[in-house]
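Asker: Dropping in target16.cif, with mmCIF, C-alpha atoms.
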```
data_data
#
loop_
_atom_site.label_atom_id
_atom_site.label_comp_id
_atom_site.auth_asym_id
_atom_site.auth_seq_id
_atom_site.Cartn_x
_atom_site.Cartn_y
_atom_site.Cartn_z
CA MET A 815 11.77 -39.63 30.63
CA THR A 816 8.93 -37.38 29.47
CA ILE A 817 10.14 -34.47 27.36
CA ALA A 818 8.71 -31.11 28.46
CA TRP A 819 7.11 -29.46 25.45
CA LEU A 820 8.40 -25.98 26.37
CA GLN A 821 11.88 -24.73 27.22
CA LEU A 822 12.74 -21.05 27.75
CA VAL A 823 16.28 -19.66 27.49
CA CYS A 824 17.63 -16.12 27.28
CA GLY A 825 20.68 -13.94 26.82
CA PRO A 826 21.67 -10.30 26.27
CA ASP A 827 22.40 -8.54 23.01
CA TYR A 828 25.95 -7.18 22.56
CA ASN A 829 27.10 -3.85 21.18
CA ASP A 830 29.80 -3.34 18.55
CA GLU A 831 32.49 -3.40 21.26
CA GLY A 832 31.32 -6.81 22.47
CA GLN A 833 29.76 -5.47 25.67
CA ALA A 834 26.52 -7.03 26.91
CA ASP A 835 23.45 -4.81 27.03
CA PHE A 836 22.61 -6.02 30.56
CA SER A 837 24.46 -7.06 33.68
CA GLY A 838 24.80 -10.68 34.70
CA VAL A 839 22.52 -10.01 37.67
CA ALA A 840 19.72 -8.82 35.38
CA ILE A 841 20.09 -11.82 33.06
CA ASP A 842 20.13 -14.21 36.03
CA ARG A 843 16.88 -12.63 37.19
CA ALA A 844 15.41 -13.16 33.72
CA TRP A 845 16.48 -16.83 33.78
CA THR A 846 14.75 -17.30 37.14
CA ALA A 847 11.58 -15.66 35.81
CA LEU A 848 11.63 -17.93 32.75
CA ARG A 849 11.98 -21.05 34.90
CA GLU A 850 8.92 -19.96 36.84
CA LEU A 851 7.05 -19.22 33.60
CA GLU A 852 7.88 -22.69 32.27
CA ALA A 853 6.36 -24.28 35.37
CA GLU A 854 3.28 -22.06 34.96
CA LEU A 855 2.72 -22.58 31.20
CA LEU A 856 3.51 -26.29 30.84
CA PRO A 857 0.29 -27.52 32.51
CA GLU A 858 -1.78 -24.57 31.26
CA PHE A 859 -1.58 -25.46 27.56
CA ASP A 860 -1.76 -28.64 25.47
CA GLY A 861 1.57 -27.83 23.87
CA ALA A 862 2.69 -31.41 23.23
CA ARG A 863 -0.36 -32.11 21.08
CA TRP A 864 0.05 -28.73 19.36
CA LEU A 865 3.65 -29.52 18.39
CA ALA A 866 2.84 -33.08 17.35
CA GLN A 867 0.97 -31.65 14.37
CA GLY A 868 4.39 -31.22 12.78
CA GLY A 869 6.14 -34.19 14.35
CA TYR A 870 7.92 -32.14 17.03
CA GLU A 871 8.38 -32.82 20.74
CA ARG A 872 9.55 -29.48 22.11
CA VAL A 873 9.74 -25.76 21.40
CA ALA A 874 12.90 -24.22 22.86
CA LEU A 875 12.34 -20.46 22.78
CA GLY A 876 15.44 -18.25 22.97
CA LEU A 877 14.82 -14.65 24.05
CA GLU A 878 17.47 -12.01 23.32
CA PHE A 879 17.20 -8.89 25.48
CA ARG A 880 18.11 -5.51 23.97
CA VAL A 881 18.23 -1.93 25.26
CA SER A 882 17.43 -0.45 21.82
CA LYS A 883 15.96 -1.40 18.44
CA ARG A 884 19.30 -1.33 16.61
CA GLY A 885 19.58 -3.92 13.85
CA ARG A 886 16.92 -6.35 12.76
CA ALA A 887 14.43 -7.78 15.22
CA ARG A 888 15.12 -11.46 15.73
CA ARG A 889 12.19 -13.48 14.44
CA SER A 890 13.44 -16.85 13.21
CA ILE A 891 12.70 -20.52 13.76
CA GLY A 892 15.36 -23.20 13.54
CA GLU A 893 15.19 -26.91 14.23
CA ILE A 894 17.31 -29.25 16.33
CA GLY A 895 16.13 -32.78 15.69
CA ARG A 896 12.54 -32.90 16.93
CA SER A 897 12.83 -29.54 18.69
CA LEU A 898 11.82 -26.18 17.24
CA SER A 899 14.19 -23.38 18.25
CA PRO A 900 12.65 -19.95 17.66
CA ASP A 901 14.74 -16.84 18.37
CA TYR A 902 12.93 -13.71 19.51
CA SER A 903 14.41 -10.33 20.42
CA VAL A 904 12.91 -8.23 23.21
CA VAL A 905 13.61 -4.49 23.52
CA TRP A 906 13.14 -3.74 27.21
CA PRO A 907 15.82 -1.52 28.84
CA GLU A 908 13.89 -1.63 32.13
CA LEU A 909 15.04 -5.24 32.58
CA GLU A 910 18.20 -3.96 34.28
CA SER A 911 16.33 -2.66 37.33
CA ALA A 912 13.08 -4.67 37.26
CA SER A 913 12.17 -6.95 40.15
CA LEU A 914 11.68 -10.67 39.65
CA ALA A 915 7.89 -10.27 39.83
CA GLU A 916 8.01 -7.46 37.24
CA VAL A 917 10.18 -9.51 34.91
CA ARG A 918 7.84 -12.50 35.14
CA GLU A 919 4.77 -10.32 34.54
CA TYR A 920 6.37 -8.62 31.54
CA LEU A 921 7.66 -11.81 29.93
CA ARG A 922 4.47 -13.88 30.05
CA PRO A 923 2.75 -12.04 27.15
CA VAL A 924 6.08 -11.90 25.28
CA VAL A 925 6.43 -15.69 25.49
CA LEU A 926 2.82 -16.20 24.39
CA GLU A 927 3.38 -13.81 21.46
CA ALA A 928 6.47 -15.79 20.42
CA LEU A 929 4.53 -19.06 20.60
CA ALA A 930 1.80 -17.50 18.46
CA PHE A 931 4.54 -16.62 15.95
CA VAL A 932 5.58 -20.29 15.92
CA GLY A 933 1.97 -21.36 15.39
CA GLU A 934 1.59 -18.97 12.48
CA ARG A 935 4.87 -19.87 10.77
CA LYS A 936 4.39 -23.63 11.19
CA ASN A 937 0.62 -23.62 10.48
CA PHE A 938 -0.16 -25.08 13.92
CA GLY A 939 -2.90 -22.60 14.69
CA PRO A 940 -3.48 -21.16 18.19
CA LEU A 941 -1.89 -22.86 21.18
CA PRO A 942 -4.76 -24.83 22.80
CA LYS A 943 -5.51 -24.74 26.49
CA ALA A 944 -4.91 -27.92 28.49
CA GLY A 945 -7.37 -30.63 27.47
CA ALA A 946 -8.49 -28.74 24.35
CA GLY A 947 -6.04 -30.21 21.83
CA GLY A 948 -7.63 -33.61 21.40
CA ASP A 949 -9.06 -32.79 17.97
CA LEU A 950 -5.72 -31.76 16.48
CA GLU A 951 -4.35 -34.12 13.84
CA THR A 952 -0.86 -35.35 14.66
CA VAL A 953 1.86 -36.99 12.58
CA PRO A 954 4.73 -39.37 13.47
CA LEU A 955 7.77 -37.75 15.07
CA LYS A 956 10.20 -36.26 12.59
CA PRO A 957 13.05 -38.61 11.66
CA LEU A 958 16.44 -37.38 12.82
CA ILE A 959 17.88 -36.99 9.30
CA GLU A 960 18.67 -34.05 7.01
CA ASP A 961 17.81 -33.58 3.34
CA PRO A 962 21.19 -32.95 1.62
CA ALA A 963 19.60 -31.08 -1.30
CA PRO A 964 16.50 -29.15 -0.21
CA TYR A 965 14.56 -27.17 -2.80
CA ASP A 966 11.60 -24.84 -3.04
CA GLU A 967 9.66 -25.69 -6.21
CA GLU A 968 12.09 -27.87 -8.17
CA PRO A 969 15.48 -29.51 -7.53
CA GLY A 970 18.37 -27.11 -7.98
CA ASP A 971 16.48 -23.88 -7.26
CA CYS A 972 18.19 -23.45 -3.85
CA PHE A 973 21.66 -23.49 -2.35
CA VAL A 974 22.77 -24.15 1.24
CA ILE A 975 25.15 -22.32 3.58
CA THR A 976 26.28 -24.46 6.53
CA ARG A 977 28.11 -23.46 9.74
CA ASP A 978 29.41 -26.13 12.11
CA PHE A 979 29.09 -25.65 15.87
CA PRO A 980 32.34 -25.33 17.86
CA PRO A 981 33.36 -28.47 19.78
CA GLY A 982 31.63 -28.72 23.15
CA THR A 983 28.65 -26.54 22.23
CA GLU A 984 25.76 -27.00 24.66
CA GLU A 985 22.06 -26.21 24.17
CA ALA A 986 22.29 -23.09 26.35
CA ASP A 987 24.99 -21.72 24.01
CA LEU A 988 22.79 -21.87 20.91
CA PRO A 989 20.90 -18.53 21.06
CA GLU A 990 24.16 -16.55 21.24
CA LEU A 991 25.80 -18.78 18.62
CA PHE A 992 22.85 -18.31 16.23
CA ARG A 993 23.04 -14.55 16.79
CA ARG A 994 26.71 -14.42 15.80
CA TYR A 995 26.21 -16.70 12.80
CA GLU A 996 23.27 -14.65 11.54
CA GLU A 997 25.34 -11.46 11.81
CA ASP A 998 28.03 -13.15 9.70
CA LEU A 999 25.35 -14.14 7.20
CA GLU A 1000 24.11 -10.56 6.93
CA ASP A 1001 27.66 -9.46 6.12
CA LEU A 1002 27.98 -12.19 3.49
CA LEU A 1003 24.69 -11.86 1.61
CA SER A 1004 23.14 -8.93 -0.22
CA ASP A 1005 19.72 -7.61 0.80
CA GLU A 1006 18.27 -9.66 -2.09
CA GLY A 1007 20.00 -12.77 -0.78
CA LEU A 1008 18.71 -12.18 2.76
CA ASP A 1009 15.18 -11.82 1.41
CA SER A 1010 15.61 -15.17 -0.42
CA ILE A 1011 16.28 -17.23 2.75
CA LEU A 1012 13.57 -19.89 2.90
CA ASP A 1013 14.47 -21.64 6.13
CA MET A 1014 17.04 -22.06 8.86
CA GLU A 1015 17.65 -25.67 9.91
CA THR A 1016 19.85 -27.16 12.61
CA SER A 1017 21.19 -30.53 13.61
CA PHE A 1018 23.09 -31.39 16.78
CA THR A 1019 26.36 -30.22 15.19
CA ALA A 1020 25.60 -27.46 12.68
CA VAL A 1021 23.19 -24.85 11.37
CA ARG A 1022 22.34 -24.24 7.73
CA TRP A 1023 20.34 -21.77 5.71
CA VAL A 1024 18.34 -22.76 2.64
CA ILE A 1025 18.43 -19.90 0.12
CA ARG A 1026 16.49 -19.67 -3.12
CA THR A 1027 18.65 -18.95 -6.15
CA ALA A 1028 17.76 -15.65 -7.80
CA HIS A 1029 16.74 -15.74 -11.46
CA GLU A 1030 16.62 -12.88 -13.93
CA ASP A 1031 12.84 -13.20 -14.28
CA ASP A 1032 12.19 -13.27 -10.48
#
```
Written as structure tokens, that's how I'd like the structure from this file.
Answerer:
Amino acid sequence: MTIAWLQLVCGPDYNDEGQADFSGVAIDRAWTALRELEAELLPEFDGARWLAQGGYERVALGLEFRVSKRGRARRSIGEIGRSLSPDYSVVWPELESASLAEVREYLRPVVLEALAFVGERKNFGPLPKAGAGGDLETVPLKPLIEDPAPYDEEPGDCFVITRDFPPGTEEADLPELFRRYEEDLEDLLSDEGLDSILDMETSFTAVRWVIRTAHEDD
């Protein structure tokens, strides 16, 4: 089976009382718009070749919808095997009453902006149009293994925090799960520690953060 290079998922943000920012009807409408956007963008861009520069097969973009700018904007990129999993927050209170056509029109540039963020962070460059990625250099697919002791410049200069997924976790659950885990991480680490996070990595069963150890001369 051919793996589609793009997958779009979404979910609402939650307030301190655990209430979702948007109704289920609004989120369902967003899901429908994203399915239509997938079908539109997949043949429009040479995304498979673009991702193959880093040995990846798919980018699974998770959009979190918010009614306000409270907290940090979500701009992170995790990995699940050969799939990149960027998280991107979208402040758009009008989602609650927008029509399907309005949601689709609004989200197209948001999705393209998020993919540009992936290209910048992963040094892929701009996402090429269909048929225009033939000159990109590709590498073999990433092996499905994890480095038990990652480091930045030399062995021992980083430590790892790992969180296991609950039993029965499915791919659609991951954006919300990552959101909760990152909130826990913000409570655990100081501002200096949060600024020292080098990467977020995931497997099929867990997520981990690679954090550079602070030194007195840093």
Asker: Applied to this file, what does the PyMOL selection byres ((chain A and resi 877) around 7) return in terms of residues, put as JSON, numbers by chain?
Answerer: {"A": [823, 824, 825, 875, 876, 878, 879, 901, 902, 903, 904]}
Asker: Give me the residues within 9 Å of Gly945 of chain A as JSON, numbers by chain, counting only C-alpha atoms and dropping any in the same chain fewer than 2 places off.
Answerer: {"A": [859, 860, 942, 943, 947, 948]}
Asker: Applied to the shown file, which residues does the PyMOL selection byres ((chain A and resi 933) around 12) return, written as number ranges by chain?
Answerer: A: 861, 864-868, 873, 891, 898, 900, 926-932, 934-942
Asker: Since I can't run it myself right now, could you work out what the PyMOL selection byres ((chain A and resi 916) around 12) selects here and report it as a PDB file with C-alpha atoms, in the frame of the given file?
Answerer:
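The resulting file, part_15.pdb, is shown below:
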```pdb
ATOM      1  CA  ALA A 840      19.720  -8.820  35.380  1.00  0.00           C
ATOM      2  CA  ARG A 843      16.880 -12.630  37.190  1.00  0.00           C
ATOM      3  CA  ALA A 844      15.410 -13.160  33.720  1.00  0.00           C
ATOM      4  CA  THR A 846      14.750 -17.300  37.140  1.00  0.00           C
ATOM      5  CA  ALA A 847      11.580 -15.660  35.810  1.00  0.00           C
ATOM      6  CA  LEU A 848      11.630 -17.930  32.750  1.00  0.00           C
ATOM      7  CA  TRP A 906      13.140  -3.740  27.210  1.00  0.00           C
ATOM      8  CA  GLU A 908      13.890  -1.630  32.130  1.00  0.00           C
ATOM      9  CA  LEU A 909      15.040  -5.240  32.580  1.00  0.00           C
ATOM     10  CA  GLU A 910      18.200  -3.960  34.280  1.00  0.00           C
ATOM     11  CA  SER A 911      16.330  -2.660  37.330  1.00  0.00           C
ATOM     12  CA  ALA A 912      13.080  -4.670  37.260  1.00  0.00           C
ATOM     13  CA  SER A 913      12.170  -6.950  40.150  1.00  0.00           C
ATOM     14  CA  LEU A 914      11.680 -10.670  39.650  1.00  0.00           C
ATOM     15  CA  ALA A 915       7.890 -10.270  39.830  1.00  0.00           C
ATOM     16  CA  VAL A 917      10.180  -9.510  34.910  1.00  0.00           C
ATOM     17  CA  ARG A 918       7.840 -12.500  35.140  1.00  0.00           C
ATOM     18  CA  GLU A 919       4.770 -10.320  34.540  1.00  0.00           C
ATOM     19  CA  TYR A 920       6.370  -8.620  31.540  1.00  0.00           C
ATOM     20  CA  LEU A 921       7.660 -11.810  29.930  1.00  0.00           C
ATOM     21  CA  ARG A 922       4.470 -13.880  30.050  1.00  0.00           C
TER      22      ARG A 922
END
```
Asker: Rank nothing, just name the residue among A:Asp966, A:Glu871, A:Glu893, A:Glu1015 nearest to Val953 of chain A, using all atoms listed in the file.
Answerer: A:Glu871
Asker: Tell me which protein, DNA and RNA residues are within 12 Å of segment 983-998 of chain A, counting only C-alpha atoms, leaving out same-chain ones fewer than 4 positions away, and put them as a PyMOL selection string.
Answerer: chain A and resi 821-830+832+834+845+874-879+885-894+897+899-903+975-979+1002-1004+1008+1011+1014-1023
Asker: Save out the residues we just selected, C-alpha atoms, as a PDB file, keeping the file's coordinate frame.
Answerer:
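As a result, selection.pdb now contains:
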```
ATOM      1  CA  GLN A 821      11.880 -24.730  27.220  1.00  0.00           C
ATOM      2  CA  LEU A 822      12.740 -21.050  27.750  1.00  0.00           C
ATOM      3  CA  VAL A 823      16.280 -19.660  27.490  1.00  0.00           C
ATOM      4  CA  CYS A 824      17.630 -16.120  27.280  1.00  0.00           C
ATOM      5  CA  GLY A 825      20.680 -13.940  26.820  1.00  0.00           C
ATOM      6  CA  PRO A 826      21.670 -10.300  26.270  1.00  0.00           C
ATOM      7  CA  ASP A 827      22.400  -8.540  23.010  1.00  0.00           C
ATOM      8  CA  TYR A 828      25.950  -7.180  22.560  1.00  0.00           C
ATOM      9  CA  ASN A 829      27.100  -3.850  21.180  1.00  0.00           C
ATOM     10  CA  ASP A 830      29.800  -3.340  18.550  1.00  0.00           C
ATOM     11  CA  GLY A 832      31.320  -6.810  22.470  1.00  0.00           C
ATOM     12  CA  ALA A 834      26.520  -7.030  26.910  1.00  0.00           C
ATOM     13  CA  TRP A 845      16.480 -16.830  33.780  1.00  0.00           C
ATOM     14  CA  ALA A 874      12.900 -24.220  22.860  1.00  0.00           C
ATOM     15  CA  LEU A 875      12.340 -20.460  22.780  1.00  0.00           C
ATOM     16  CA  GLY A 876      15.440 -18.250  22.970  1.00  0.00           C
ATOM     17  CA  LEU A 877      14.820 -14.650  24.050  1.00  0.00           C
ATOM     18  CA  GLU A 878      17.470 -12.010  23.320  1.00  0.00           C
ATOM     19  CA  PHE A 879      17.200  -8.890  25.480  1.00  0.00           C
ATOM     20  CA  GLY A 885      19.580  -3.920  13.850  1.00  0.00           C
ATOM     21  CA  ARG A 886      16.920  -6.350  12.760  1.00  0.00           C
ATOM     22  CA  ALA A 887      14.430  -7.780  15.220  1.00  0.00           C
ATOM     23  CA  ARG A 888      15.120 -11.460  15.730  1.00  0.00           C
ATOM     24  CA  ARG A 889      12.190 -13.480  14.440  1.00  0.00           C
ATOM     25  CA  SER A 890      13.440 -16.850  13.210  1.00  0.00           C
ATOM     26  CA  ILE A 891      12.700 -20.520  13.760  1.00  0.00           C
ATOM     27  CA  GLY A 892      15.360 -23.200  13.540  1.00  0.00           C
ATOM     28  CA  GLU A 893      15.190 -26.910  14.230  1.00  0.00           C
ATOM     29  CA  ILE A 894      17.310 -29.250  16.330  1.00  0.00           C
ATOM     30  CA  SER A 897      12.830 -29.540  18.690  1.00  0.00           C
ATOM     31  CA  SER A 899      14.190 -23.380  18.250  1.00  0.00           C
ATOM     32  CA  PRO A 900      12.650 -19.950  17.660  1.00  0.00           C
ATOM     33  CA  ASP A 901      14.740 -16.840  18.370  1.00  0.00           C
ATOM     34  CA  TYR A 902      12.930 -13.710  19.510  1.00  0.00           C
ATOM     35  CA  SER A 903      14.410 -10.330  20.420  1.00  0.00           C
ATOM     36  CA  ILE A 975      25.150 -22.320   3.580  1.00  0.00           C
ATOM     37  CA  THR A 976      26.280 -24.460   6.530  1.00  0.00           C
ATOM     38  CA  ARG A 977      28.110 -23.460   9.740  1.00  0.00           C
ATOM     39  CA  ASP A 978      29.410 -26.130  12.110  1.00  0.00           C
ATOM     40  CA  PHE A 979      29.090 -25.650  15.870  1.00  0.00           C
ATOM     41  CA  LEU A1002      27.980 -12.190   3.490  1.00  0.00           C
ATOM     42  CA  LEU A1003      24.690 -11.860   1.610  1.00  0.00           C
ATOM     43  CA  SER A1004      23.140  -8.930  -0.220  1.00  0.00           C
ATOM     44  CA  LEU A1008      18.710 -12.180   2.760  1.00  0.00           C
ATOM     45  CA  ILE A1011      16.280 -17.230   2.750  1.00  0.00           C
ATOM     46  CA  MET A1014      17.040 -22.060   8.860  1.00  0.00           C
ATOM     47  CA  GLU A1015      17.650 -25.670   9.910  1.00  0.00           C
ATOM     48  CA  THR A1016      19.850 -27.160  12.610  1.00  0.00           C
ATOM     49  CA  SER A1017      21.190 -30.530  13.610  1.00  0.00           C
ATOM     50  CA  PHE A1018      23.090 -31.390  16.780  1.00  0.00           C
ATOM     51  CA  THR A1019      26.360 -30.220  15.190  1.00  0.00           C
ATOM     52  CA  ALA A1020      25.600 -27.460  12.680  1.00  0.00           C
ATOM     53  CA  VAL A1021      23.190 -24.850  11.370  1.00  0.00           C
ATOM     54  CA  ARG A1022      22.340 -24.240   7.730  1.00  0.00           C
ATOM     55  CA  TRP A1023      20.340 -21.770   5.710  1.00  0.00           C
TER      56      TRP A1023
END
```
Asker: Between atom CA of Arg1026 of chain A and atom CA of Asp971 of chain A, what is the spacing in Å?
Answerer: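 Value for the atom CA of Asp971 of chain A-atom CA of Arg1026 of chain A distance: 5.9 Å.
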Asker: May I ask which of the residues A:Asp835, A:Glu968, A:Asp1013, A:Asp949 is the closest one to Arg884 of chain A, counting only C-alpha atoms?
Answerer: A:Asp835
Asker: What is the distance, in Å and to one decimal place, between atom CA of Arg863 of chain A and atom CA of Pro964 of chain A?
Answerer: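 Going from atom CA of Arg863 of chain A over to atom CA of Pro964 of chain A, I get 27.3 Å.
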Asker: Using all atoms listed in the file - which residues lie no farther than 10 Å from the point (25.3, -25.3, -2.6) in the file's frame? Write them as number ranges by chain.
Answerer: A: 962-964, 970, 972-976, 1024-1025, 1027
Asker: Could you tell me how far atom CA of Leu955 of chain A sits from atom CA of Pro980 of chain A, in Å to one decimal place?
Answerer: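 A separation of 27.7 Å between them.
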Asker: Which residue is closest to Leu856 of chain A? Choose from A:Leu820, A:Leu999, A:Pro981, A:Glu1006 and count all atoms listed in the file.
Answerer: A:Leu820
Asker: Pick from A:Glu967, A:Thr952, A:Gly982, A:Leu1012: nearest to Tyr870 of chain A, with only C-alpha atoms counted?
Answerer: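 Comparing A:Glu967, A:Thr952, A:Gly982, A:Leu1012 against Tyr870 of chain A, the winner is A:Thr952.
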